[in-house]
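Here's the structure, in structure tokens; my notes come after.
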Amino acid sequence: MQRRQLLLGGAGFLVLTGCASANGMDAGSSAAGDAPSAATLSEEAAIARAVLPRQTPRAELLQAWTGAHGGTPPFDKATPAKVREAILEGIELQRAEIAAIANNPDAPTFANTSVAMQMAGEPLDRVMSVFGVMTSNIGGEEWEALDSEVSPLLSAASDEITFNEALFARIKAVADGARGAGLNPQQTRIATRSRDAYVRNGAALDAAGKAELGRINTALSNAFTRFGQKVVADENSWTLIPNEAGVRGLPASNKTAAAAAARTRNLQGWAILNTRSSVDPFLTFADDRSLREQVWNKFVNRGDNGDANDTNATIAEIVKLRDQRAKLLGFRNHAEWRMQDTMAKTPAAAEDLMQRVWAPAKARVAEEVADMRGIAGHDIEPWDYLYYAEKVRKAKYDLDQNELRPYFELNNVRAGSFYMAERLYGFTFAKLPQGSVPVFHPDVTVYEVRDAGRPIGLYYTDDYARPGKRSGAWMTTYRSHSIYDGPENTLGSNNNNFVKAPDGEPILISLDDAETLFHEFGHTLHAYSSNVVYPALGGTPRDFVEYPSQVHEHWVLTRPILDGYLKNVETGQSMPQALVDKIEAAATFNQGYATVSYLSSAIVDMDLHTQAVPPTDIDAFEKASLARIGMPREIVMRHRLPQFNHLFTSDAYSAGYYSYLWSETMDADTWAFFEESGDVFDPQIAQRFKAIMLAPGNTTDRAEAYREFRGRDPDVAALLKVRGFPTS
């Protein structure tokens, strides 16, 4: 949880076609040259500070962060008891600050209302940054119990702010009077979007409506926490393979990791952890079909086993509550409410793009299954797909994933990502000595980040799976850049779930894992590129936010990174061009599977959240929804509903999982721009991309910014081409 945002980010934009001519604007012009002067900012900050009561927090974890690098989170002091104490006090401190703003006798202005609102709650935000890391990266019973306790309290505290009539009257007055007050474009954007966000979240409801919305929000907060904890519990399991025959076919590095996972759990044999980074290699390479089926079933049925960790009832509760909230706020369904502040704007726009890609993706799956059946000699089941796809890849393209793995050693991949950041944007990363800043686990490594030699923040990496840690890969920002109240440097992290190898042994990952690492690093580069003045404009629309991450995946296989960093750990040689050519020839291979597994999840998400009557039998709904779109029987959704953390641990991606595809439309079109230049590290394009697309946050409409960067709207044909689908 970052500094309290007054708004969510977004703009209307249909990313399907477009052929406007280039407008010839200079790089960086959309980074809003109308930003206030330093003198104005200083004056605004002084006015805002004068409004807020002088308070000295008692709790240790509410104090301003100290030490080098602009201060760093005191992870070493974080215990459940201390975090609890700090959250409870932080809520009270924030309540006093909000009351001071709302009850200020002076007429509302941008400085004494909008700026003061951005300052309010800073101590609480600090402890929430620490709390979020401890629940996601460490976990365990004590942190889960604390999460269950404080989530409804935090939800109620947020509602109290939204429902404060005196506060909303001031926010509305600033927005309505923006022109008369002479606010500049950034200030006007903050004021008007803040007003609109408050309305969307219930500020204009009557007393009864606010009471009902508060009940719904608190119930949702509790349900989100329960869902996440149930999924983590189901993922904290494994399939034990007692004899070596069961791991026949696995690459040596995966065998070693599975053996290490077993040893750390005091088991004999090999443990296939119930996380994607462990399961996918097993499904791809393990020869034992019955064991593949066993591992597959355990993985895809997380949260759906009719036991204490079953999430179906929790999902039914969440979708019912979301439907009630949407209708209370004047929307037909949750999707319409969620998409008001996105680039797509409407469920229909998102569905149009998804359906345009769904048909060619299904057609490609039929071709892939036919090829696999020819090799297998039997029908392809879901636990067969990756295994026989690998056989087809080898037969069609003479490409074996095991041949690639020695080139993708984890530390070398990260070094390659650093090279990309420096070559494109001027960022450098220097490892700090162990113990120089507090970390939340001994496995965490910290780097100092510089932009053209100027220190701008720290980068934390947490790469390994552990019990209690949430699955997958993600990026977190502990502190975001802004200058409205003095410069704030950026503290960010990337988090993975690789299985740790024994000491001294290389950690070999797949090409897909390497692209995921570059993807999450792309989120981080977005954060480090920020040049926003006000934190309220630091975010972007949900269906834009994956764009900067997805486009950075493309640089993994560029020649400078391959030659400089991704060298074979056994021979020390760079990947030969002949092997790169094989990868590129097979680039669209298995895109039917990749697209259908993802897109089915996105379509079912939108279907679930556009129902006139929310379903109560979640398993039955999932099956019916997939049947309506003709889901190939050989493939399962990438995220089945019972384990779909994106949708049910918060509202963040709900009715929004389509955003990866929406962002990929821009991503594919952007990569085409780099390729067309003849140099995928083209410095002019890179600097334009940084200045126009990454740095400005939401200071300008992101659709307009894309037109400025590219010279036109993005064309979906680039996406279809990248995936190898017909473009007409």
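In the structure tokens, each chain is lettered A, B, ... as it comes, each chain's residues begin at 1, and ligands are numbered from 1 in order of appearance.
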Within 7 Å of region 510-518 of chain A using only C-alpha atoms, minus same-chain residues under 5 positions, as a ChimeraX atom specification
/A:405,408,413,417,552-553,556
Could the residues in this selection be saved with N, CA and C atoms as a PDB file, in the first residue's frame?
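The resulting file, result_10.pdb, is reproduced below:
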ATOM      1  N   ARG A 405      18.367 -24.417 -21.551  1.00  0.00           N
ATOM      2  CA  ARG A 405      18.442 -24.147 -20.114  1.00  0.00           C
ATOM      3  C   ARG A 405      19.835 -23.729 -19.631  1.00  0.00           C
ATOM      4  N   PHE A 408      20.497 -19.978 -19.351  1.00  0.00           N
ATOM      5  CA  PHE A 408      19.658 -19.100 -18.533  1.00  0.00           C
ATOM      6  C   PHE A 408      19.890 -19.363 -17.047  1.00  0.00           C
ATOM      7  N   VAL A 413      20.881 -13.998 -15.949  1.00  0.00           N
ATOM      8  CA  VAL A 413      19.684 -13.384 -16.534  1.00  0.00           C
ATOM      9  C   VAL A 413      19.451 -12.015 -15.909  1.00  0.00           C
ATOM     10  N   SER A 417      19.390  -8.244 -17.557  1.00  0.00           N
ATOM     11  CA  SER A 417      18.315  -7.252 -17.411  1.00  0.00           C
ATOM     12  C   SER A 417      18.899  -5.897 -17.018  1.00  0.00           C
ATOM     13  N   HIS A 552       9.231  -5.243 -22.259  1.00  0.00           N
ATOM     14  CA  HIS A 552      10.626  -5.524 -21.922  1.00  0.00           C
ATOM     15  C   HIS A 552      10.984  -7.004 -22.047  1.00  0.00           C
ATOM     16  N   GLU A 553       9.996  -7.883 -22.144  1.00  0.00           N
ATOM     17  CA  GLU A 553      10.294  -9.293 -22.366  1.00  0.00           C
ATOM     18  C   GLU A 553      11.049  -9.515 -23.677  1.00  0.00           C
ATOM     19  N   VAL A 556      15.112 -10.158 -24.102  1.00  0.00           N
ATOM     20  CA  VAL A 556      15.852 -11.297 -23.558  1.00  0.00           C
ATOM     21  C   VAL A 556      16.783 -11.907 -24.602  1.00  0.00           C
TER      22      VAL A 556
END
List the neighbours of Asn568 (chain A) out to 7 Å using only C-alpha atoms; skip same-chain residues closer than 5 positions along the sequence, and give me the result as an NGL selection string.
:A and (406-407 or 573-574)
Prev. selection, C-alpha atoms, output as a PDB file, in the first residue's frame:
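Writing done, so here's result_1.pdb:
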ATOM      1  CA  PRO A 406      22.262 -23.919 -19.584  1.00  0.00           C
ATOM      2  CA  TYR A 407      22.163 -20.416 -21.072  1.00  0.00           C
ATOM      3  CA  GLN A 573      30.129 -19.917 -24.855  1.00  0.00           C
ATOM      4  CA  SER A 574      27.455 -17.558 -26.129  1.00  0.00           C
TER       5      SER A 574
END
Surrounding residues of Tyr658 (chain A) excluding itself and chain neighbours under 4 positions, 9 Å, only C-alpha atoms, as an mmCIF file with C-alpha atoms, in the first residue's frame:
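Output (out.cif):
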data_model
loop_
_atom_site.group_PDB
_atom_site.id
_atom_site.type_symbol
_atom_site.label_atom_id
_atom_site.label_comp_id
_atom_site.auth_asym_id
_atom_site.auth_seq_id
_atom_site.Cartn_x
_atom_site.Cartn_y
_atom_site.Cartn_z
ATOM 1 C CA ALA A 350 -12.518 -5.392 -23.781
ATOM 2 C CA GLU A 351 -14.680 -8.279 -24.983
ATOM 3 C CA LEU A 353 -10.531 -7.376 -28.426
ATOM 4 C CA MET A 354 -10.646 -10.726 -26.627
ATOM 5 C CA ASP A 543 -5.079 -1.886 -18.647
ATOM 6 C CA LEU A 599 -7.499 -15.696 -22.634
ATOM 7 C CA SER A 601 -9.175 -16.877 -17.774
ATOM 8 C CA ALA A 602 -9.742 -13.308 -18.955
ATOM 9 C CA ILE A 603 -13.014 -14.128 -20.722
ATOM 10 C CA ASP A 605 -13.402 -13.169 -15.462
ATOM 11 C CA MET A 606 -15.416 -10.711 -17.579
ATOM 12 C CA TYR A 653 -7.652 -7.172 -11.504
ATOM 13 C CA TRP A 662 -4.954 -4.844 -24.008
ATOM 14 C CA SER A 663 -1.435 -3.931 -22.922
#
Contacts of Asn645 (chain A) at 8 Å or less, counting only C-alpha atoms, minus same-chain residues fewer than 6 places along, as a compact mmCIF listing (two decimals) with N, CA and C atoms, in the first residue's frame?
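Saved to selection-v3.txt:
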# COMPACT_ATOMS: atom_id res chain seq x y z
N PHE A 227 -9.72 -15.72 1.13
CA PHE A 227 -9.40 -16.38 -0.14
C PHE A 227 -7.88 -16.55 -0.27
N GLY A 228 -7.15 -15.47 -0.07
CA GLY A 228 -5.70 -15.54 -0.24
C GLY A 228 -5.06 -16.55 0.69
N VAL A 231 -5.68 -20.20 -0.53
CA VAL A 231 -4.87 -20.58 -1.68
C VAL A 231 -3.42 -20.81 -1.26
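The interatomic distance for the pair CA of Val174 (chain A) and CA of Ser482 (chain A) works out to 21.7 Å.
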Using only C-alpha atoms, find the one residue out of A:Leu399, A:Ala286, A:Met575, A:Ala308 that sits nearest to Tyr387 (chain A).
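Ranking A:Leu399, A:Ala286, A:Met575, A:Ala308 by distance to Tyr387 (chain A), first place goes to A:Ala286.
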Could you pull the residues within 6 Å of region 485-502 of chain A, counting only C-alpha atoms, minus those fewer than 3 positions along the same chain, as a count of residues only?
24
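Compared by their closest atoms to Tyr484 (chain A), and using only C-alpha atoms, the residues A:Gly306, A:Gly504, A:Pro347, A:Pro36 rank with A:Pro36 nearest.
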Would you tabulate, counting only C-alpha atoms, all residues of region 603-642 of chain A that have an atom at most 6 Å from an atom of region 320-340 of chain A, showing the closest pair of atoms and their distance in Å to one decimal, sorted by chain then ascending number, as CSV?
residue,atom,partner,partner_atom,distance
A:His609,CA,A:Ala335,CA,5.3
A:Thr610,CA,A:Asn333,CA,5.5
A:Pro614,CA,A:Lys320,CA,5.7
Find the spatial neighbours of Val127 (chain A), counting only C-alpha atoms, within a cut-off of 12 Å - ignore same-chain residues fewer than 6 positions away - and output them as a PyMOL selection string.
chain A and resi 1-3+57+59-65+72-75+77-80+82-91+121+133-134+478-479
Identify all residues of region 350-535 of chain A in alpha helix (DSSP H) (DSSP on the backbone) and supply them as a PyMOL selection string.
chain A and resi 350-376+385-397+401-404+410-425+511-529
For the strand (DSSP E) assignment from backbone DSSP, which residues of region 440-517 of chain A qualify? Please present them as a ChimeraX atom specification.
/A:445-451,454-464,474-479,490-498
Would you save the residues of that selection, restricted to N, CA and C atoms, as a tab-separated table (two decimals), in the first residue's frame?
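The new file result-v1.tsv reads:
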chain	number	residue	atom	x	y	z
A	445	THR	N	18.59	-9.63	-1.84
A	445	THR	CA	19.75	-8.85	-2.26
A	445	THR	C	19.28	-7.45	-2.62
A	446	VAL	N	20.08	-6.44	-2.29
A	446	VAL	CA	19.69	-5.05	-2.52
A	446	VAL	C	20.74	-4.37	-3.39
A	447	TYR	N	20.26	-3.56	-4.34
A	447	TYR	CA	21.12	-2.83	-5.27
A	447	TYR	C	20.80	-1.34	-5.18
A	448	GLU	N	21.83	-0.52	-5.33
A	448	GLU	CA	21.61	0.91	-5.48
A	448	GLU	C	21.37	1.20	-6.96
A	449	VAL	N	20.35	2.00	-7.23
A	449	VAL	CA	19.98	2.34	-8.61
A	449	VAL	C	20.41	3.77	-8.88
A	450	ARG	N	21.06	3.97	-10.04
A	450	ARG	CA	21.45	5.32	-10.48
A	450	ARG	C	20.91	5.57	-11.88
A	451	ASP	N	20.57	6.81	-12.13
A	451	ASP	CA	20.11	7.25	-13.45
A	451	ASP	C	21.14	8.24	-13.96
A	454	ARG	N	23.24	9.48	-11.20
A	454	ARG	CA	22.57	10.13	-10.07
A	454	ARG	C	21.78	9.10	-9.27
A	455	PRO	N	22.01	8.96	-7.96
A	455	PRO	CA	21.27	7.97	-7.17
A	455	PRO	C	19.76	8.27	-7.18
A	456	ILE	N	18.96	7.26	-7.48
A	456	ILE	CA	17.51	7.47	-7.52
A	456	ILE	C	16.73	6.47	-6.67
A	457	GLY	N	17.43	5.48	-6.06
A	457	GLY	CA	16.68	4.55	-5.22
A	457	GLY	C	17.39	3.24	-5.02
A	458	LEU	N	16.64	2.28	-4.49
A	458	LEU	CA	17.15	0.93	-4.23
A	458	LEU	C	16.24	-0.10	-4.89
A	459	TYR	N	16.85	-1.24	-5.23
A	459	TYR	CA	16.14	-2.35	-5.87
A	459	TYR	C	16.40	-3.60	-5.04
A	460	TYR	N	15.32	-4.23	-4.53
A	460	TYR	CA	15.40	-5.43	-3.70
A	460	TYR	C	14.98	-6.64	-4.55
A	461	THR	N	15.71	-7.74	-4.45
A	461	THR	CA	15.30	-8.97	-5.14
A	461	THR	C	15.08	-10.08	-4.12
A	462	ASP	N	14.01	-10.82	-4.29
A	462	ASP	CA	13.66	-11.95	-3.42
A	462	ASP	C	13.24	-13.09	-4.34
A	463	ASP	N	14.14	-14.00	-4.62
A	463	ASP	CA	13.96	-14.92	-5.75
A	463	ASP	C	13.39	-16.29	-5.41
A	464	TYR	N	13.42	-16.72	-4.15
A	464	TYR	CA	13.19	-18.13	-3.89
A	464	TYR	C	11.86	-18.42	-3.20
A	474	TRP	N	6.09	-11.09	-8.90
A	474	TRP	CA	5.43	-9.79	-8.83
A	474	TRP	C	6.46	-8.70	-8.51
A	475	MET	N	6.02	-7.48	-8.71
A	475	MET	CA	6.82	-6.31	-8.37
A	475	MET	C	6.09	-5.52	-7.29
A	476	THR	N	6.85	-4.97	-6.35
A	476	THR	CA	6.28	-4.14	-5.30
A	476	THR	C	7.07	-2.84	-5.21
A	477	THR	N	6.38	-1.75	-4.95
A	477	THR	CA	7.03	-0.47	-4.68
A	477	THR	C	6.84	-0.12	-3.22
A	478	TYR	N	7.94	0.02	-2.49
A	478	TYR	CA	7.85	0.40	-1.08
A	478	TYR	C	7.70	1.92	-0.94
A	479	ARG	N	8.34	2.66	-1.83
A	479	ARG	CA	8.20	4.11	-1.85
A	479	ARG	C	8.30	4.57	-3.29
A	490	THR	N	13.00	6.18	-5.15
A	490	THR	CA	12.14	5.01	-5.36
A	490	THR	C	12.75	3.77	-4.72
A	491	LEU	N	11.95	3.05	-3.98
A	491	LEU	CA	12.35	1.75	-3.42
A	491	LEU	C	11.41	0.70	-4.00
A	492	GLY	N	11.97	-0.24	-4.77
A	492	GLY	CA	11.13	-1.25	-5.41
A	492	GLY	C	11.73	-2.63	-5.28
A	493	SER	N	10.93	-3.64	-5.57
A	493	SER	CA	11.43	-5.02	-5.48
A	493	SER	C	10.83	-5.88	-6.57
A	494	ASN	N	11.54	-6.93	-6.91
A	494	ASN	CA	11.02	-8.02	-7.73
A	494	ASN	C	11.06	-9.29	-6.91
A	495	ASN	N	9.99	-10.08	-7.01
A	495	ASN	CA	9.83	-11.26	-6.18
A	495	ASN	C	9.48	-12.46	-7.05
A	496	ASN	N	10.18	-13.57	-6.84
A	496	ASN	CA	9.98	-14.78	-7.64
A	496	ASN	C	9.80	-15.98	-6.73
A	497	ASN	N	9.61	-17.14	-7.35
A	497	ASN	CA	9.44	-18.38	-6.59
A	497	ASN	C	10.25	-19.51	-7.21
A	498	PHE	N	11.51	-19.22	-7.52
A	498	PHE	CA	12.39	-20.27	-8.02
A	498	PHE	C	12.76	-21.20	-6.87
Counting only C-alpha atoms, the residue of A:Trp358, A:Phe285, A:Phe168, A:Phe224 that sits nearest Val199 (chain A)
A:Phe168
Do you have the CA of Asp619 (chain A)-CA of Val357 (chain A) distance handy?
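Separation between CA of Asp619 (chain A) and CA of Val357 (chain A): 25.3 Å.
Minimum distance to Gln118 (chain A) across A:Arg49, A:Arg54, A:Arg633, A:Lys172 (counting only C-alpha atoms) occurs at A:Arg49.
Interatomic distance, CA of Gly246 (chain A) to CA of Asp288 (chain A): 6.1 Å.
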Give me the residues within 10 Å of Met666 (chain A) as an mmCIF file with C-alpha atoms, in the first residue's frame, counting only C-alpha atoms and dropping any in the same chain fewer than 6 places off.
data_model
loop_
_atom_site.group_PDB
_atom_site.id
_atom_site.type_symbol
_atom_site.label_atom_id
_atom_site.label_comp_id
_atom_site.auth_asym_id
_atom_site.auth_seq_id
_atom_site.Cartn_x
_atom_site.Cartn_y
_atom_site.Cartn_z
ATOM 1 C CA VAL A 15 -6.817 -0.093 -28.866
ATOM 2 C CA LEU A 16 -7.892 -1.979 -31.957
ATOM 3 C CA PHE A 544 -1.951 0.238 -19.197
ATOM 4 C CA GLU A 546 1.183 -4.271 -17.859
ATOM 5 C CA TYR A 547 2.351 -2.551 -21.049
ATOM 6 C CA PRO A 548 5.781 -1.381 -19.797
ATOM 7 C CA GLN A 550 5.374 -6.851 -21.301
ATOM 8 C CA VAL A 551 7.391 -4.902 -23.842
ATOM 9 C CA ALA A 672 7.621 -3.374 -34.003
ATOM 10 C CA TYR A 706 0.776 6.624 -27.017
ATOM 11 C CA ARG A 710 4.112 6.133 -31.910
ATOM 12 C CA ASP A 713 -2.984 4.445 -32.236
ATOM 13 C CA PRO A 714 -1.601 0.918 -31.727
ATOM 14 C CA ASP A 715 -2.647 -1.652 -34.309
ATOM 15 C CA VAL A 716 -3.889 -5.061 -33.158
ATOM 16 C CA ALA A 718 1.083 -6.359 -34.539
ATOM 17 C CA LEU A 719 -0.270 -8.488 -31.685
#
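In this comparison, which uses only C-alpha atoms, the residue of A:Val437, A:Leu205, A:Ile101, A:Leu647 approaching Ala223 (chain A) most closely is A:Leu647.
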Which residue of A:Asn531, A:Ala655, A:Phe681, A:Ala48 approaches Thr346 (chain A) most closely, using only C-alpha atoms:
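Smallest distance to Thr346 (chain A) is found for A:Ala655.
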